[in-house]
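Reproduced below: data35.cif, with mmCIF, C-alpha atoms and all ligand atoms.
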```cif
data_data
loop_
_atom_site.label_atom_id
_atom_site.label_comp_id
_atom_site.auth_asym_id
_atom_site.auth_seq_id
_atom_site.Cartn_x
_atom_site.Cartn_y
_atom_site.Cartn_z
CA MET A 1 -22.32 -93.15 196.98
CA THR A 2 -23.80 -89.67 196.62
CA ARG A 3 -27.31 -89.70 195.21
CA ILE A 4 -28.58 -86.90 192.98
CA PHE A 5 -32.11 -86.05 191.89
CA SER A 6 -33.23 -83.31 189.53
CA GLY A 7 -36.13 -82.67 187.21
CA ILE A 8 -37.53 -80.63 184.38
CA LYS A 9 -41.15 -79.51 183.86
CA PRO A 10 -42.83 -80.11 180.48
CA THR A 11 -44.49 -76.69 180.51
CA GLY A 12 -42.87 -75.51 177.30
CA HIS A 13 -39.98 -76.22 174.95
CA LEU A 14 -36.66 -76.52 176.77
CA THR A 15 -34.58 -73.35 176.74
CA LEU A 16 -30.95 -72.35 176.81
CA GLY A 17 -31.57 -71.48 180.49
CA ASN A 18 -32.57 -75.08 181.25
CA TYR A 19 -29.52 -76.34 179.42
CA LEU A 20 -26.88 -74.02 180.88
CA GLY A 21 -28.43 -73.84 184.33
CA ALA A 22 -29.14 -77.53 184.76
CA VAL A 23 -28.97 -80.16 182.01
CA ARG A 24 -25.42 -79.51 180.86
CA ARG A 25 -24.04 -80.24 184.30
CA TRP A 26 -26.20 -83.34 184.71
CA VAL A 27 -24.56 -84.65 181.54
CA ALA A 28 -20.98 -83.52 182.04
CA GLU A 29 -20.61 -84.15 185.77
CA ASP A 30 -23.49 -85.52 187.78
CA GLN A 31 -24.21 -88.77 185.93
CA HIS A 32 -20.51 -89.71 186.14
CA ARG A 33 -19.81 -88.97 189.77
CA ALA A 34 -22.98 -90.10 191.55
CA GLU A 35 -26.03 -92.31 191.44
CA ALA A 36 -28.21 -89.88 189.52
CA LEU A 37 -31.92 -89.74 188.71
CA PHE A 38 -33.34 -87.27 186.20
CA CYS A 39 -37.05 -86.89 185.85
CA VAL A 40 -39.55 -85.24 183.53
CA VAL A 41 -41.82 -83.87 186.25
CA ASP A 42 -45.08 -83.96 184.33
CA LEU A 43 -47.35 -83.70 187.39
CA HIS A 44 -45.88 -80.24 187.97
CA ALA A 45 -47.05 -79.18 184.53
CA LEU A 46 -50.66 -79.57 185.68
CA THR A 47 -50.37 -76.75 188.23
CA VAL A 48 -51.18 -74.15 185.58
CA GLU A 49 -53.71 -74.03 182.73
CA HIS A 50 -52.63 -76.78 180.32
CA ASP A 51 -53.55 -78.65 177.18
CA PRO A 52 -53.38 -82.44 177.84
CA ALA A 53 -52.09 -83.37 174.38
CA ARG A 54 -49.40 -80.69 174.59
CA VAL A 55 -48.19 -81.87 178.00
CA ARG A 56 -47.87 -85.41 176.64
CA ARG A 57 -45.97 -84.17 173.59
CA LEU A 58 -43.67 -81.94 175.65
CA SER A 59 -42.98 -84.74 178.14
CA ARG A 60 -41.79 -87.01 175.36
CA GLN A 61 -39.79 -84.19 173.80
CA ALA A 62 -38.15 -83.25 177.12
CA ALA A 63 -37.10 -86.86 177.74
CA SER A 64 -35.73 -87.12 174.23
CA LEU A 65 -33.79 -83.85 174.66
CA LEU A 66 -32.26 -85.12 177.88
CA LEU A 67 -30.93 -88.13 176.01
CA ALA A 68 -29.88 -85.97 173.06
CA ALA A 69 -27.98 -83.71 175.45
CA GLY A 70 -26.01 -86.73 176.59
CA LEU A 71 -27.70 -88.37 179.57
CA ASP A 72 -26.76 -92.02 179.28
CA PRO A 73 -29.28 -94.55 180.64
CA ARG A 74 -26.37 -96.88 181.42
CA LEU A 75 -25.01 -94.27 183.84
CA CYS A 76 -28.16 -92.70 185.26
CA THR A 77 -31.92 -93.15 185.53
CA VAL A 78 -34.17 -91.13 183.24
CA PHE A 79 -37.91 -91.40 183.85
CA VAL A 80 -41.27 -89.67 183.94
CA GLN A 81 -42.66 -88.60 187.33
CA SER A 82 -46.23 -89.80 186.82
CA HIS A 83 -44.97 -93.32 186.01
CA VAL A 84 -43.86 -93.70 189.64
CA ASP A 85 -46.81 -93.46 192.07
CA GLU A 86 -44.53 -92.90 195.06
CA HIS A 87 -44.18 -89.19 194.23
CA ALA A 88 -47.89 -88.49 194.68
CA ARG A 89 -48.14 -90.81 197.69
CA LEU A 90 -45.36 -89.03 199.53
CA SER A 91 -46.50 -85.58 198.48
CA TYR A 92 -49.66 -85.95 200.57
CA LEU A 93 -47.69 -86.84 203.68
CA LEU A 94 -45.47 -83.81 203.20
CA GLU A 95 -48.53 -81.59 202.83
CA CYS A 96 -49.42 -82.89 206.28
CA VAL A 97 -46.16 -81.60 207.76
CA ALA A 98 -45.99 -78.33 205.77
CA THR A 99 -47.88 -75.19 206.72
CA ASP A 100 -50.02 -73.04 204.50
CA GLY A 101 -47.85 -70.01 205.43
CA GLU A 102 -44.62 -71.53 204.17
CA MET A 103 -46.26 -72.51 200.87
CA ARG A 104 -47.59 -68.99 200.36
CA ARG A 105 -44.12 -67.51 200.87
CA MET A 106 -42.71 -69.24 197.79
CA ILE A 107 -41.66 -66.68 195.18
CA GLN A 108 -42.73 -68.89 192.26
CA TYR A 109 -46.20 -69.23 193.79
CA LYS A 110 -46.47 -65.46 194.14
CA GLU A 111 -45.26 -64.85 190.57
CA LYS A 112 -47.27 -67.59 188.86
CA SER A 113 -50.49 -66.98 190.79
CA GLU A 114 -50.18 -63.31 189.89
CA ARG A 115 -49.61 -64.23 186.23
CA ALA A 116 -52.71 -66.48 186.25
CA ARG A 117 -54.86 -63.77 187.84
CA ARG A 118 -53.64 -61.15 185.35
CA SER A 119 -54.70 -63.35 182.45
CA GLY A 120 -58.10 -63.95 184.00
CA GLN A 121 -57.44 -67.57 185.03
CA SER A 122 -58.15 -69.06 188.42
CA VAL A 123 -55.21 -70.19 190.53
CA ARG A 124 -55.06 -73.96 190.91
CA LEU A 125 -54.67 -75.29 194.44
CA SER A 126 -51.84 -77.50 193.15
CA LEU A 127 -49.82 -74.37 192.34
CA LEU A 128 -49.78 -73.64 196.06
CA THR A 129 -49.01 -77.21 197.14
CA TYR A 130 -46.53 -77.93 194.33
CA PRO A 131 -43.45 -77.47 196.59
CA ALA A 132 -44.66 -80.46 198.67
CA LEU A 133 -44.68 -82.57 195.50
CA MET A 134 -41.23 -81.28 194.60
CA ALA A 135 -40.05 -82.17 198.11
CA ALA A 136 -41.52 -85.65 197.60
CA ASP A 137 -39.65 -85.99 194.30
CA ILE A 138 -36.38 -85.42 196.12
CA LEU A 139 -37.01 -87.08 199.50
CA ALA A 140 -38.47 -90.30 198.05
CA TYR A 141 -35.01 -91.07 196.64
CA ARG A 142 -33.06 -90.00 199.73
CA ALA A 143 -31.12 -87.69 197.41
CA ASP A 144 -28.10 -85.89 198.88
CA GLU A 145 -27.81 -83.26 196.17
CA VAL A 146 -30.23 -81.40 193.94
CA PRO A 147 -28.51 -79.65 191.04
CA VAL A 148 -30.85 -76.77 190.11
CA GLY A 149 -30.67 -73.24 188.78
CA ASP A 150 -31.01 -70.28 191.17
CA ASP A 151 -34.80 -70.07 190.77
CA GLN A 152 -35.31 -73.43 192.49
CA THR A 153 -33.11 -72.98 195.57
CA GLN A 154 -36.01 -71.68 197.69
CA HIS A 155 -37.97 -74.87 197.00
CA VAL A 156 -34.98 -77.00 197.97
CA GLU A 157 -34.68 -75.00 201.22
CA LEU A 158 -38.32 -75.82 201.94
CA THR A 159 -37.63 -79.49 201.15
CA ARG A 160 -34.85 -79.44 203.76
CA ASP A 161 -37.18 -77.91 206.34
CA LEU A 162 -39.85 -80.54 205.67
CA ALA A 163 -37.32 -83.38 205.87
CA VAL A 164 -35.93 -82.13 209.19
CA ARG A 165 -39.43 -81.59 210.62
CA PHE A 166 -40.64 -85.02 209.54
CA ASN A 167 -37.52 -86.73 210.92
CA GLN A 168 -37.86 -84.91 214.25
CA LYS A 169 -41.55 -85.63 214.68
CA TYR A 170 -41.81 -89.15 213.31
CA GLY A 171 -38.30 -90.61 213.37
CA ALA A 172 -35.34 -90.54 210.98
CA THR A 173 -36.78 -91.30 207.55
CA PHE A 174 -35.36 -88.84 205.04
CA VAL A 175 -31.92 -87.65 203.98
CA VAL A 176 -31.73 -83.84 204.22
CA PRO A 177 -30.68 -82.76 200.71
CA ARG A 178 -28.88 -79.67 199.55
CA ALA A 179 -29.20 -77.54 196.40
CA THR A 180 -26.10 -77.32 194.24
CA PRO A 181 -26.51 -74.37 191.84
CA PRO A 182 -24.02 -74.13 188.95
CA ALA A 183 -21.02 -71.80 189.22
CA VAL A 184 -21.93 -70.01 185.97
CA ALA A 185 -25.28 -69.43 184.23
CA ALA A 186 -27.25 -70.12 187.40
CA ARG A 187 -29.84 -67.69 186.03
CA VAL A 188 -29.93 -67.02 182.29
CA MET A 189 -32.07 -63.97 181.66
CA ASP A 190 -34.62 -63.24 178.94
CA LEU A 191 -32.85 -61.54 176.00
CA GLN A 192 -35.68 -59.00 175.65
CA ASP A 193 -36.12 -58.41 179.39
CA PRO A 194 -32.87 -58.91 181.27
CA ALA A 195 -34.70 -58.37 184.57
CA ALA A 196 -36.69 -61.60 184.02
CA LYS A 197 -35.48 -65.20 183.97
CA MET A 198 -35.49 -66.92 180.56
CA GLY A 199 -38.48 -69.18 181.21
CA LYS A 200 -39.92 -71.84 178.94
CA SER A 201 -43.54 -71.08 179.80
CA HIS A 202 -43.39 -67.35 178.99
CA ASP A 203 -45.66 -66.13 176.20
CA ALA A 204 -43.26 -63.59 174.66
CA THR A 205 -40.76 -65.78 172.83
CA ALA A 206 -38.44 -63.20 171.18
CA GLY A 207 -36.06 -63.23 174.16
CA ILE A 208 -36.01 -67.00 174.64
CA VAL A 209 -33.58 -69.34 172.91
CA TYR A 210 -35.13 -72.79 172.65
CA LEU A 211 -32.86 -75.81 172.35
CA LEU A 212 -34.51 -76.80 169.07
CA ASP A 213 -34.45 -73.31 167.50
CA GLU A 214 -32.90 -73.20 164.02
CA PRO A 215 -29.44 -71.54 163.90
CA GLU A 216 -30.99 -68.53 162.09
CA ALA A 217 -33.55 -68.04 164.87
CA ILE A 218 -30.88 -68.31 167.57
CA THR A 219 -28.72 -65.74 165.79
CA ARG A 220 -31.66 -63.37 165.25
CA LYS A 221 -32.75 -63.53 168.88
CA ILE A 222 -29.26 -62.93 170.23
CA MET A 223 -28.47 -60.13 167.73
CA ARG A 224 -31.68 -58.38 168.85
CA ALA A 225 -30.97 -58.81 172.58
CA VAL A 226 -31.72 -55.71 174.65
CA THR A 227 -28.54 -54.12 176.02
CA ASP A 228 -28.11 -50.43 176.95
CA SER A 229 -26.88 -47.13 175.56
CA GLU A 230 -23.54 -47.08 177.40
CA PRO A 231 -20.55 -47.32 175.07
CA GLY A 232 -18.23 -50.33 175.23
CA VAL A 233 -18.60 -53.61 177.05
CA SER A 234 -18.19 -54.11 180.79
CA TYR A 235 -19.34 -56.81 183.21
CA ASP A 236 -21.76 -55.15 185.61
CA PRO A 237 -24.77 -57.41 186.35
CA GLU A 238 -26.52 -54.70 188.41
CA GLY A 239 -25.93 -51.70 186.18
CA ARG A 240 -25.80 -53.41 182.76
CA PRO A 241 -27.91 -56.60 183.05
CA GLY A 242 -28.41 -57.12 179.30
CA VAL A 243 -24.68 -57.01 178.52
CA ALA A 244 -23.90 -59.11 181.62
CA ASN A 245 -26.40 -61.76 180.48
CA LEU A 246 -24.67 -62.05 177.08
CA LEU A 247 -21.25 -62.23 178.76
CA GLU A 248 -22.49 -64.96 181.10
CA ILE A 249 -23.95 -66.97 178.22
CA LEU A 250 -20.69 -66.62 176.28
CA SER A 251 -18.77 -67.51 179.42
CA ALA A 252 -20.85 -70.67 179.87
CA CYS A 253 -20.08 -71.61 176.24
CA THR A 254 -16.35 -70.83 176.31
CA GLY A 255 -15.29 -71.46 179.90
CA LYS A 256 -13.76 -67.95 180.13
CA GLU A 257 -14.72 -65.59 182.95
CA PRO A 258 -17.35 -62.95 182.04
CA ALA A 259 -15.18 -60.07 183.30
CA ALA A 260 -12.19 -61.27 181.27
CA LEU A 261 -14.38 -61.66 178.18
CA ALA A 262 -15.70 -58.10 178.60
CA GLU A 263 -12.16 -56.75 178.22
CA SER A 264 -11.81 -58.27 174.78
CA TYR A 265 -14.85 -56.44 173.32
CA GLU A 266 -15.25 -52.84 172.27
CA GLY A 267 -18.90 -52.96 171.33
CA ALA A 268 -22.06 -54.97 172.04
CA GLY A 269 -22.50 -55.82 168.33
CA VAL A 270 -19.44 -58.06 168.12
CA LEU A 271 -20.22 -59.54 171.54
CA LYS A 272 -23.68 -60.49 170.26
CA ARG A 273 -22.27 -61.99 167.09
CA ASP A 274 -19.74 -64.14 168.99
CA THR A 275 -22.34 -65.19 171.54
CA ALA A 276 -24.75 -66.23 168.79
CA GLU A 277 -22.04 -68.26 167.05
CA ALA A 278 -21.03 -69.93 170.33
CA VAL A 279 -24.62 -70.88 171.17
CA VAL A 280 -25.30 -72.23 167.67
CA GLU A 281 -22.16 -74.41 167.92
CA LEU A 282 -23.00 -75.50 171.46
CA LEU A 283 -26.45 -76.72 170.43
CA ARG A 284 -25.53 -78.23 167.07
CA PRO A 285 -24.62 -81.77 168.32
CA LEU A 286 -27.66 -81.87 170.63
CA GLN A 287 -29.97 -80.96 167.76
CA ALA A 288 -28.42 -83.59 165.47
CA ARG A 289 -28.78 -86.30 168.12
CA HIS A 290 -32.37 -85.25 168.81
CA ALA A 291 -33.19 -85.70 165.13
CA GLU A 292 -31.67 -89.22 165.22
CA LEU A 293 -33.65 -90.15 168.31
CA ALA A 294 -36.87 -88.89 166.76
CA ALA A 295 -36.50 -91.64 164.16
CA ASP A 296 -36.39 -94.33 166.88
CA ALA A 297 -39.43 -93.87 169.17
CA GLY A 298 -39.02 -97.43 170.51
CA TYR A 299 -35.71 -96.56 172.14
CA LEU A 300 -37.19 -93.69 174.15
CA GLU A 301 -40.10 -95.85 175.32
CA GLU A 302 -37.68 -98.52 176.45
CA VAL A 303 -35.48 -96.06 178.36
CA LEU A 304 -38.49 -94.54 180.14
CA HIS A 305 -39.95 -97.95 180.98
CA GLU A 306 -36.71 -99.18 182.52
CA GLY A 307 -36.10 -95.84 184.22
CA ALA A 308 -39.49 -95.94 185.94
CA ALA A 309 -38.90 -99.50 187.15
CA ARG A 310 -35.53 -98.54 188.65
CA ALA A 311 -36.96 -95.38 190.22
CA ARG A 312 -39.92 -97.25 191.71
CA ALA A 313 -37.64 -99.81 193.32
CA LEU A 314 -35.59 -97.05 194.92
CA ALA A 315 -38.49 -94.90 196.11
CA ARG A 316 -40.88 -97.52 197.45
CA PRO A 317 -39.01 -98.55 200.64
CA THR A 318 -38.58 -94.92 201.74
CA VAL A 319 -42.16 -93.97 201.03
CA ASP A 320 -43.44 -97.11 202.77
CA ALA A 321 -41.25 -96.24 205.77
CA ALA A 322 -42.70 -92.71 205.82
CA TYR A 323 -46.26 -94.13 205.76
CA ARG A 324 -45.49 -96.32 208.75
CA ALA A 325 -43.63 -93.59 210.65
CA ILE A 326 -46.46 -91.07 210.34
CA GLY A 327 -49.01 -93.50 211.80
CA LEU A 328 -50.69 -95.24 208.87
CA LEU A 329 -51.61 -98.89 209.22
CA PRO A 330 -49.66 -101.00 206.70
CA PRO A 331 -51.84 -103.08 204.34
CA GLN A 332 -52.19 -106.65 205.68
N1 LIG A 401 -33.24 -69.14 182.99
C1 LIG A 401 -32.68 -70.13 183.65
N2 LIG A 401 -31.37 -70.05 184.00
C2 LIG A 401 -30.76 -71.07 184.67
N3 LIG A 401 -31.40 -72.20 185.03
C3 LIG A 401 -32.69 -72.33 184.70
N4 LIG A 401 -33.58 -73.30 184.90
C4 LIG A 401 -34.78 -72.94 184.38
N5 LIG A 401 -34.68 -71.72 183.80
C5 LIG A 401 -33.40 -71.31 184.01
C6 LIG A 401 -33.28 -74.57 185.56
O1 LIG A 401 -33.69 -75.63 184.71
C7 LIG A 401 -34.16 -76.70 185.51
C8 LIG A 401 -35.53 -77.15 185.06
O2 LIG A 401 -36.40 -76.05 185.13
P1 LIG A 401 -37.95 -76.19 185.34
O3 LIG A 401 -38.48 -77.04 184.29
O4 LIG A 401 -38.23 -76.61 186.73
O5 LIG A 401 -38.44 -74.73 185.31
P2 LIG A 401 -38.48 -73.58 184.22
O6 LIG A 401 -37.73 -73.87 183.00
O7 LIG A 401 -38.16 -72.39 184.98
O8 LIG A 401 -39.95 -73.67 183.73
P3 LIG A 401 -41.29 -73.10 184.18
O9 LIG A 401 -41.31 -72.84 185.63
O10 LIG A 401 -42.29 -74.02 183.59
O11 LIG A 401 -41.37 -71.89 183.40
P4 LIG A 401 -41.23 -70.42 183.77
O12 LIG A 401 -40.08 -70.22 184.66
O13 LIG A 401 -41.14 -69.94 182.41
O14 LIG A 401 -42.53 -70.06 184.40
C9 LIG A 401 -34.19 -76.22 186.96
O15 LIG A 401 -33.02 -76.70 187.62
C10 LIG A 401 -34.13 -74.73 186.82
O16 LIG A 401 -33.50 -74.13 187.94
#
```
Can you give me the file's structure in the form of structure tokens?
Ligand code: AQP
Amino acid sequence: MTRIFSGIKPTGHLTLGNYLGAVRRWVAEDQHRAEALFCVVDLHALTVEHDPARVRRLSRQAASLLLAAGLDPRLCTVFVQSHVDEHARLSYLLECVATDGEMRRMIQYKEKSERARRSGQSVRLSLLTYPALMAADILAYRADEVPVGDDQTQHVELTRDLAVRFNQKYGATFVVPRATPPAVAARVMDLQDPAAKMGKSHDATAGIVYLLDEPEAITRKIMRAVTDSEPGVSYDPEGRPGVANLLEILSACTGKEPAALAESYEGAGVLKRDTAEAVVELLRPLQARHAELAADAGYLEEVLHEGAARARALARPTVDAAYRAIGLLPPQ
């Protein structure tokens, strides 16, 4: 059976980008058609300046939102990365097959290290080595597919390279996975800056729709989305990125093609209004379920406890095999 692994970082409140680009498909397709593992990758949240209490809170919230969105622990495994030691164990081995040059080429490293420097912070070494940990997340489970948004495909490519290199040098140990980006909404853009990805850790929040935003806030943010001064509505991601972003969001909500949707609008105002309504309706059930789950903390704890046990049992044989293959003496 196909095995799927994907994760979400507790570096901020989950956004519409996370939902449309990743979580929605995990819920609607992946958990039904494959053996799927979904992980709150909390170790990744430590690669940038962080507040410990906030990371803990966001980890719990992210797990709860995954369940609220419809991940069903009877169909898939939901767990927290740091609860399964195999991720960190394998990450070190992969650092030993990766090169410093390939880590430095990662776009996210360039962008986030630049962001840290601009705000006067030092760049953590883990920000550079983080793709080895992400590769470990995937390879430990011998995952075949990694459903991620566009921004993560470079890291999955690196994971493939590391798996192939390890297998060639030390013997067949890992499955070589592939990224499976979604057909629509692979990159939802910031409503105030359509050149930038809608990202949960960004400081300027006016262009970011969070999954737990009130309907009024969602409507306000979408109605104030930056478009352009051209009359009418057309689907032109290069020339009219703000309008294209709205059309893609509406397309992801309605299932209609962005270009076909564009033909039914004469002005950006009505497009914004319909997009806001569609997003509010899309998120309504998720928000209601999240409120229910918040009243039952025991359930979440139980799901995460069982999820970690299942994940550990799957990861351990592969990671042990990698330790042996690379030349480490097994404990007696
Ligand atoms: N804007 C987006 N459009 C489509 N997919 C997206 N994803 C993230 N943003 C968008 C996908 O959501 C999954 C989990 O993302 P993540 O937690 O690894 O990363 P992030 O949300 O991008 O958070 P960061 O890196 O903490 O924040 P930023 O980017 O703000 O610096 C992934 O499958 C991702 O592709």
Considering only C-alpha atoms and all ligand atoms, give me a table of residues in chain A that are at most 7 Å from ligand LIG 401 (chain A), with the closest atom pair and distance in Å for each, as a tab-separated table.
```
residue	atom	partner	partner_atom	distance
A:Ser6	CA	A:LIG401	O15	6.9
A:Gly7	CA	A:LIG401	C8	6.0
A:Ile8	CA	A:LIG401	O3	3.7
A:Lys9	CA	A:LIG401	O3	3.7
A:Pro10	CA	A:LIG401	O3	6.5
A:Thr11	CA	A:LIG401	O10	4.6
A:Gly12	CA	A:LIG401	O10	6.5
A:Leu14	CA	A:LIG401	O6	6.9
A:Gly17	CA	A:LIG401	C1	3.6
A:Asn18	CA	A:LIG401	O1	3.7
A:Tyr19	CA	A:LIG401	O1	6.8
A:Leu20	CA	A:LIG401	C2	6.2
A:Gly21	CA	A:LIG401	N3	3.5
A:Ala22	CA	A:LIG401	O15	4.9
A:Lys112	CA	A:LIG401	O14	7.0
A:Pro147	CA	A:LIG401	O15	6.4
A:Val148	CA	A:LIG401	O15	3.3
A:Gly149	CA	A:LIG401	O16	3.1
A:Asp150	CA	A:LIG401	O16	5.6
A:Asp151	CA	A:LIG401	O16	5.1
A:Gln152	CA	A:LIG401	O16	4.9
A:Ala185	CA	A:LIG401	C2	5.7
A:Ala186	CA	A:LIG401	C2	4.5
A:Arg187	CA	A:LIG401	N2	3.5
A:Val188	CA	A:LIG401	N2	3.8
A:Met189	CA	A:LIG401	N1	5.5
A:Lys197	CA	A:LIG401	N1	4.6
A:Met198	CA	A:LIG401	N1	4.0
A:Gly199	CA	A:LIG401	O13	3.0
A:Lys200	CA	A:LIG401	O13	4.1
A:Ser201	CA	A:LIG401	O13	3.7
A:His202	CA	A:LIG401	O13	4.8
```
Residue selection dump (C-alpha atoms) as a tab-separated table (two decimals), in the coordinates of the input:
```tsv
chain	number	residue	atom	x	y	z
A	6	SER	CA	-33.23	-83.31	189.53
A	7	GLY	CA	-36.13	-82.67	187.21
A	8	ILE	CA	-37.53	-80.63	184.38
A	9	LYS	CA	-41.15	-79.51	183.86
A	10	PRO	CA	-42.83	-80.11	180.48
A	11	THR	CA	-44.49	-76.69	180.51
A	12	GLY	CA	-42.87	-75.51	177.30
A	14	LEU	CA	-36.66	-76.52	176.77
A	17	GLY	CA	-31.57	-71.48	180.49
A	18	ASN	CA	-32.57	-75.08	181.25
A	19	TYR	CA	-29.52	-76.34	179.42
A	20	LEU	CA	-26.88	-74.02	180.88
A	21	GLY	CA	-28.43	-73.84	184.33
A	22	ALA	CA	-29.14	-77.53	184.76
A	112	LYS	CA	-47.27	-67.59	188.86
A	147	PRO	CA	-28.51	-79.65	191.04
A	148	VAL	CA	-30.85	-76.77	190.11
A	149	GLY	CA	-30.67	-73.24	188.78
A	150	ASP	CA	-31.01	-70.28	191.17
A	151	ASP	CA	-34.80	-70.07	190.77
A	152	GLN	CA	-35.31	-73.43	192.49
A	185	ALA	CA	-25.28	-69.43	184.23
A	186	ALA	CA	-27.25	-70.12	187.40
A	187	ARG	CA	-29.84	-67.69	186.03
A	188	VAL	CA	-29.93	-67.02	182.29
A	189	MET	CA	-32.07	-63.97	181.66
A	197	LYS	CA	-35.48	-65.20	183.97
A	198	MET	CA	-35.49	-66.92	180.56
A	199	GLY	CA	-38.48	-69.18	181.21
A	200	LYS	CA	-39.92	-71.84	178.94
A	201	SER	CA	-43.54	-71.08	179.80
A	202	HIS	CA	-43.39	-67.35	178.99
```
> Got a sec: who's within 8 Å of region 113-126 of chain A, counting all atoms listed in the file, leaving out chain neighbours fewer than 6 positions off, as a PyMOL selection string?
Replying inline: chain A and resi 46-49
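The gap separating CA of Ala63 (chain A) from CA of Val303 (chain A) is 9.4 Å, in Å to one decimal.
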>> Taking 4 positions as the minimum chain separation for residues in the same chain, which residues sit within 12 Å of Ala62 (chain A) when counting all atoms listed in the file? Answer as JSON, numbers by chain.
In response: {"A": [7, 8, 9, 10, 11, 12, 13, 14, 15, 18, 19, 23, 38, 39, 40, 41, 42, 54, 55, 56, 57, 58, 66, 67, 68, 69, 71, 78, 79, 80, 200, 210, 211, 212, 290, 294, 300, 304]}
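Here CA of Leu43 (chain A) stands at a distance of 20.8 Å from CA of Glu302 (chain A).
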> Could you pull the residues within 8 Å of Val184 (chain A), counting all atoms listed in the file, minus those fewer than 6 positions along the same chain, as a list in words?
Replying inline: Gly21, Glu248, Ser251 and Ala252 of chain A
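Nearest-residue note for Ala217 (chain A): choosing from A:Asn167, A:Gly242, A:Val280, A:Ser64, the minimum distance belongs to A:Val280, counting all atoms listed in the file.
Separating CA of Gly239 (chain A) from CA of Asp190 (chain A) is a distance of 16.2 Å.
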